[in-house]
$ cat upload36.csv   # CSV, C-alpha atoms
chain,number,residue,atom,x,y,z
A,45,ILE,CA,30.4,75.4,17.1
A,46,THR,CA,29.8,75.6,13.3
A,47,LEU,CA,29.9,72.9,10.7
A,48,VAL,CA,29.9,73.7,7.0
A,49,TRP,CA,30.5,71.8,3.8
A,50,THR,CA,30.0,72.1,0.1
A,51,ALA,CA,27.5,69.6,-1.1
A,52,PRO,CA,27.3,68.3,-4.7
A,53,PRO,CA,24.5,69.9,-6.8
A,54,ALA,CA,21.1,68.2,-6.8
A,55,SER,CA,19.4,67.2,-10.0
A,56,SER,CA,16.4,69.3,-11.3
A,57,ALA,CA,14.0,66.5,-10.4
A,58,ALA,CA,15.4,65.8,-7.0
A,59,GLY,CA,12.9,65.8,-4.1
A,60,LYS,CA,15.6,67.0,-1.7
A,61,ILE,CA,18.1,69.7,-2.4
A,62,LEU,CA,20.8,68.5,0.1
A,63,VAL,CA,22.6,65.6,-1.6
A,64,HIS,CA,25.2,65.0,1.1
A,65,ASP,CA,23.8,65.3,4.6
A,66,LEU,CA,26.2,65.7,7.6
A,67,ASP,CA,25.0,65.9,11.1
A,68,LEU,CA,26.5,67.9,14.0
A,69,LEU,CA,25.8,66.7,17.5
A,70,LEU,CA,27.1,68.0,20.9
A,71,THR,CA,27.0,65.6,23.8
A,72,HIS,CA,27.7,66.4,27.5
A,73,THR,CA,30.0,63.7,28.7
A,74,ASN,CA,28.8,63.9,32.4
A,75,THR,CA,25.1,64.1,31.9
A,76,GLY,CA,24.7,62.5,28.4
A,77,VAL,CA,22.5,65.5,27.3
A,78,GLN,CA,22.6,66.0,23.6
A,79,THR,CA,22.3,69.3,21.8
A,80,PHE,CA,21.2,69.4,18.1
A,81,PRO,CA,22.1,72.2,15.7
A,82,ASN,CA,20.1,75.2,14.3
A,83,GLY,CA,17.8,75.3,17.3
A,84,ARG,CA,16.3,71.9,16.8
A,85,ALA,CA,15.2,70.3,20.1
A,86,ALA,CA,15.5,66.6,19.4
A,87,SER,CA,16.4,65.9,15.8
A,88,ALA,CA,19.2,66.5,13.3
A,89,ASP,CA,19.1,69.1,10.6
A,90,THR,CA,18.5,67.4,7.2
A,91,LEU,CA,18.0,70.5,5.1
A,92,ASN,CA,21.0,72.8,5.5
A,93,ASN,CA,24.8,72.4,4.8
A,94,VAL,CA,25.5,74.9,7.6
A,95,GLU,CA,24.9,73.7,11.1
A,96,ARG,CA,25.5,75.6,14.3
A,97,ILE,CA,25.3,74.9,18.0
A,98,HIS,CA,25.6,77.8,20.5
A,99,ILE,CA,26.0,77.3,24.2
A,100,ALA,CA,25.6,80.4,26.4
A,101,ASN,CA,28.4,81.1,28.9
A,102,THR,CA,26.0,81.2,31.7
A,103,SER,CA,25.1,77.6,31.2
A,104,LEU,CA,28.7,76.4,31.4
A,105,THR,CA,30.8,75.4,34.5
A,106,ASN,CA,34.5,74.9,34.9
A,107,ASP,CA,34.4,71.1,34.7
A,108,ASP,CA,31.9,70.7,31.8
A,109,ALA,CA,33.1,68.3,29.1
A,110,TYR,CA,31.5,67.8,25.7
A,111,VAL,CA,32.0,65.6,22.7
A,112,VAL,CA,31.5,67.1,19.3
A,113,THR,CA,30.4,64.5,16.7
A,114,VAL,CA,30.2,64.9,12.9
A,115,THR,CA,28.3,62.1,11.2
A,116,ALA,CA,27.8,61.5,7.5
A,117,LYS,CA,24.2,60.6,7.3
A,118,THR,CA,23.7,60.5,3.5
A,119,LEU,CA,26.4,60.4,0.8
A,120,VAL,CA,25.1,60.0,-2.7
A,121,ALA,CA,27.6,61.4,-5.2
A,122,SER,CA,30.7,60.0,-3.6
A,123,THR,CA,31.8,58.0,-0.5
A,124,THR,CA,33.5,61.0,1.2
A,125,GLN,CA,32.6,64.6,2.0
A,126,ASN,CA,35.1,67.3,3.2
A,127,TYR,CA,33.9,69.7,5.8
A,128,SER,CA,35.1,72.5,8.0
A,129,LEU,CA,34.4,72.6,11.8
A,130,VAL,CA,35.0,75.8,13.7
A,131,ILE,CA,34.9,76.0,17.5
A,132,THR,CA,35.2,79.3,19.2
A,133,GLY,CA,35.2,80.3,22.9
A,134,ASN,CA,37.3,79.8,26.0
A,135,VAL,CA,37.4,76.0,25.7
A,136,GLN,CA,40.1,73.4,25.5
A,137,SER,CA,40.2,70.2,23.4
A,138,ASP,CA,41.8,66.9,24.1
A,139,ARG,CA,44.6,68.0,21.8
A,140,GLY,CA,45.2,71.3,23.7
A,141,ILE,CA,43.8,74.8,23.6
A,142,LEU,CA,41.8,75.4,20.5
A,143,GLY,CA,43.7,77.8,18.1
A,144,SER,CA,47.2,76.7,19.3
A,145,ASN,CA,49.8,75.0,17.2
A,146,ASN,CA,49.2,71.7,18.9
A,147,ASN,CA,46.0,70.9,17.1
A,148,GLY,CA,46.4,73.0,13.9
A,149,GLY,CA,43.8,75.6,14.7
A,150,SER,CA,40.0,75.3,14.9
A,151,GLY,CA,39.5,73.1,11.8
A,152,GLY,CA,37.7,69.8,12.2
A,153,GLY,CA,39.4,66.4,11.9
A,154,GLY,CA,37.5,65.6,8.7
A,155,GLY,CA,37.9,69.0,7.1
A,156,THR,CA,39.7,70.0,4.0
A,157,GLY,CA,43.2,68.5,4.3
A,158,GLY,CA,46.5,68.3,2.5
A,159,ASP,CA,45.1,66.1,-0.3
A,160,ASP,CA,42.8,68.8,-1.5
A,161,ASP,CA,45.6,71.4,-1.4
A,162,THR,CA,47.8,69.0,-3.4
A,163,GLU,CA,45.0,68.6,-6.0
A,164,LYS,CA,44.4,72.3,-6.2
A,165,GLU,CA,48.2,72.9,-6.7
A,166,GLY,CA,48.2,70.3,-9.5
A,167,ARG,CA,45.3,71.9,-11.2
A,168,ASP,CA,46.8,75.4,-10.9
A,169,ALA,CA,50.1,74.1,-12.3
A,170,ALA,CA,48.4,72.4,-15.3
A,171,ALA,CA,46.4,75.6,-16.0
A,172,ALA,CA,49.6,77.7,-15.9
A,173,ILE,CA,51.3,75.3,-18.3
A,174,PHE,CA,48.4,75.4,-20.7
A,175,ALA,CA,48.2,79.2,-20.6
A,176,THR,CA,51.9,79.4,-21.3
A,177,ILE,CA,51.7,77.1,-24.3
A,178,PHE,CA,48.6,79.0,-25.6
A,179,VAL,CA,50.4,82.3,-25.4
A,180,LEU,CA,53.5,80.9,-27.2
A,181,CYS,CA,51.3,79.6,-30.0
A,182,VAL,CA,49.6,83.0,-30.4
A,183,ILE,CA,53.0,84.8,-30.5
A,184,GLY,CA,54.3,82.3,-33.0
A,185,LEU,CA,51.2,82.8,-35.2
A,186,ILE,CA,51.5,86.5,-35.1
A,187,ALA,CA,55.2,86.3,-36.0
A,188,PHE,CA,54.5,84.0,-38.9
A,189,ILE,CA,51.8,86.4,-40.3
A,190,ALA,CA,54.1,89.4,-39.9
A,191,TYR,CA,56.8,87.5,-41.7
A,192,LYS,CA,54.5,86.6,-44.6
A,193,ARG,CA,53.2,90.1,-44.9
A,194,CYS,CA,56.4,92.1,-44.4
A,195,TYR,CA,59.5,90.1,-45.3
A,196,VAL,CA,58.2,87.9,-48.1
A,197,GLY,CA,56.0,90.8,-49.4
A,198,ALA,CA,59.1,93.0,-49.5
A,199,HIS,CA,60.9,90.5,-51.7
A,200,PHE,CA,58.0,90.2,-54.1
A,201,SER,CA,57.8,94.0,-54.3
A,202,GLY,CA,61.6,94.1,-55.0
A,203,PHE,CA,61.2,91.5,-57.7
A,204,LYS,CA,58.6,93.6,-59.5
A,205,LYS,CA,60.9,96.6,-59.4
A,206,VAL,CA,63.8,94.6,-60.7
A,207,SER,CA,61.7,93.2,-63.5
A,208,SER,CA,60.4,96.6,-64.4
A,209,ARG,CA,64.0,98.1,-64.6
A,210,SER,CA,65.2,95.1,-66.6
A,211,ALA,CA,62.3,95.5,-69.0
A,212,ARG,CA,63.0,99.2,-69.6
A,213,ALA,CA,66.6,98.6,-70.1
A,214,ARG,CA,65.9,95.8,-72.6
A,215,MET,CA,63.4,97.8,-74.5
A,216,ALA,CA,65.8,100.7,-74.7
A,217,ALA,CA,68.5,98.4,-76.1
A,218,ASN,CA,66.2,97.0,-78.8
A,219,GLN,CA,64.4,100.1,-80.0
A,220,SER,CA,65.8,99.5,-83.5
A,221,ASN,CA,64.2,96.1,-83.8
A,222,ASN,CA,60.6,95.3,-84.3
A,223,ARG,CA,60.7,92.7,-81.6
A,224,THR,CA,61.2,93.5,-77.9
A,225,ASP,CA,62.2,90.8,-75.4
A,226,PHE,CA,60.7,91.2,-72.0
A,227,VAL,CA,62.7,89.0,-69.5
A,228,MET,CA,61.8,88.6,-65.9
A,229,LYS,CA,64.6,87.3,-63.6
A,230,SER,CA,64.3,86.1,-60.1
A,231,LYS,CA,68.0,86.1,-59.4
A,232,ASN,CA,69.0,86.1,-55.7
A,233,LEU,CA,65.4,85.9,-54.6
A,234,PRO,CA,64.3,83.2,-52.1
A,235,SER,CA,60.9,82.4,-53.6
A,236,PRO,CA,61.0,79.1,-55.6
A,237,ASP,CA,58.0,80.1,-57.6
A,238,HIS,CA,59.8,82.6,-59.8
A,239,LYS,CA,62.6,80.6,-61.5
A,240,GLY,CA,62.5,82.9,-64.6
A,241,ALA,CA,60.1,83.5,-67.4
A,242,SER,CA,60.2,85.1,-70.8
A,243,ALA,CA,57.6,86.9,-72.9
A,244,VAL,CA,57.8,88.1,-76.4
A,245,ILE,CA,56.0,91.3,-77.4
$ encode --input "upload36.csv" --output "structure tokens"
Amino acid sequence: ITLVWTAPPASSAAGKILVHDLDLLLTHTNTGVQTFPNGRAASADTLNNVERIHIANTSLTNDDAYVVTVTAKTLVASTTQNYSLVITGNVQSDRGILGSNNNGGSGGGGGTGGDDDTEKEGRDAAAAIFATIFVLCVIGLIAFIAYKRCYVGAHFSGFKKVSSRSARARMAANQSNNRTDFVMKSKNLPSPDHKGASAVI
């Protein structure tokens, strides 16, 4: 018979490491003899979060009956403590043979139940949603940077080329004059910052 649980962490100044203390006890229903875990003769284990009771086959008879008791001796961080109880051997419980579908396996009555599974599923779903949103934000940011660098940059580059060609054409048309008009036009370009400008050289 093995009892195990995950106890809350103790503070650095704690005099005792085990914050939540559960006690495992095995009682023979016919004789009233009690068996304590971890080889202790007449007292509970107050130091470990794993407690085990072993009964040799040679000391058992066909009509032996035992009661397994799990007691919460000390609970500090909360009012409840989940645990797992494992019983192995050729034994039978009041709910049927251990390990059958009648009693749901070898877990204890106060072990981790459906509530913990539901909480874990909820946390996993929230983590998945958060991860999805984060990935979408990263993809959107990368797409925006690529647009700014490539698409808008290409238009600005084209604007410079158009302006340069316009300037050469205008200068060629006005070679006979002392004044040359240099006109920059932003026609058909999406940027609002280049509405058109003129410079006189």
$ atom_distance --input "upload36.csv" --atom1 "atom CA of Glu163 of chain A" --atom2 "atom CA of Ala121 of chain A"
18.8 Å
$ atom_distance --input "upload36.csv" --atom1 "atom CA of Thr132 of chain A" --atom2 "atom CA of Tyr110 of chain A"
13.7 Å
$ atom_distance --input "upload36.csv" --atom1 "atom CA of Ala85 of chain A" --atom2 "atom CA of Leu70 of chain A"
12.1 Å
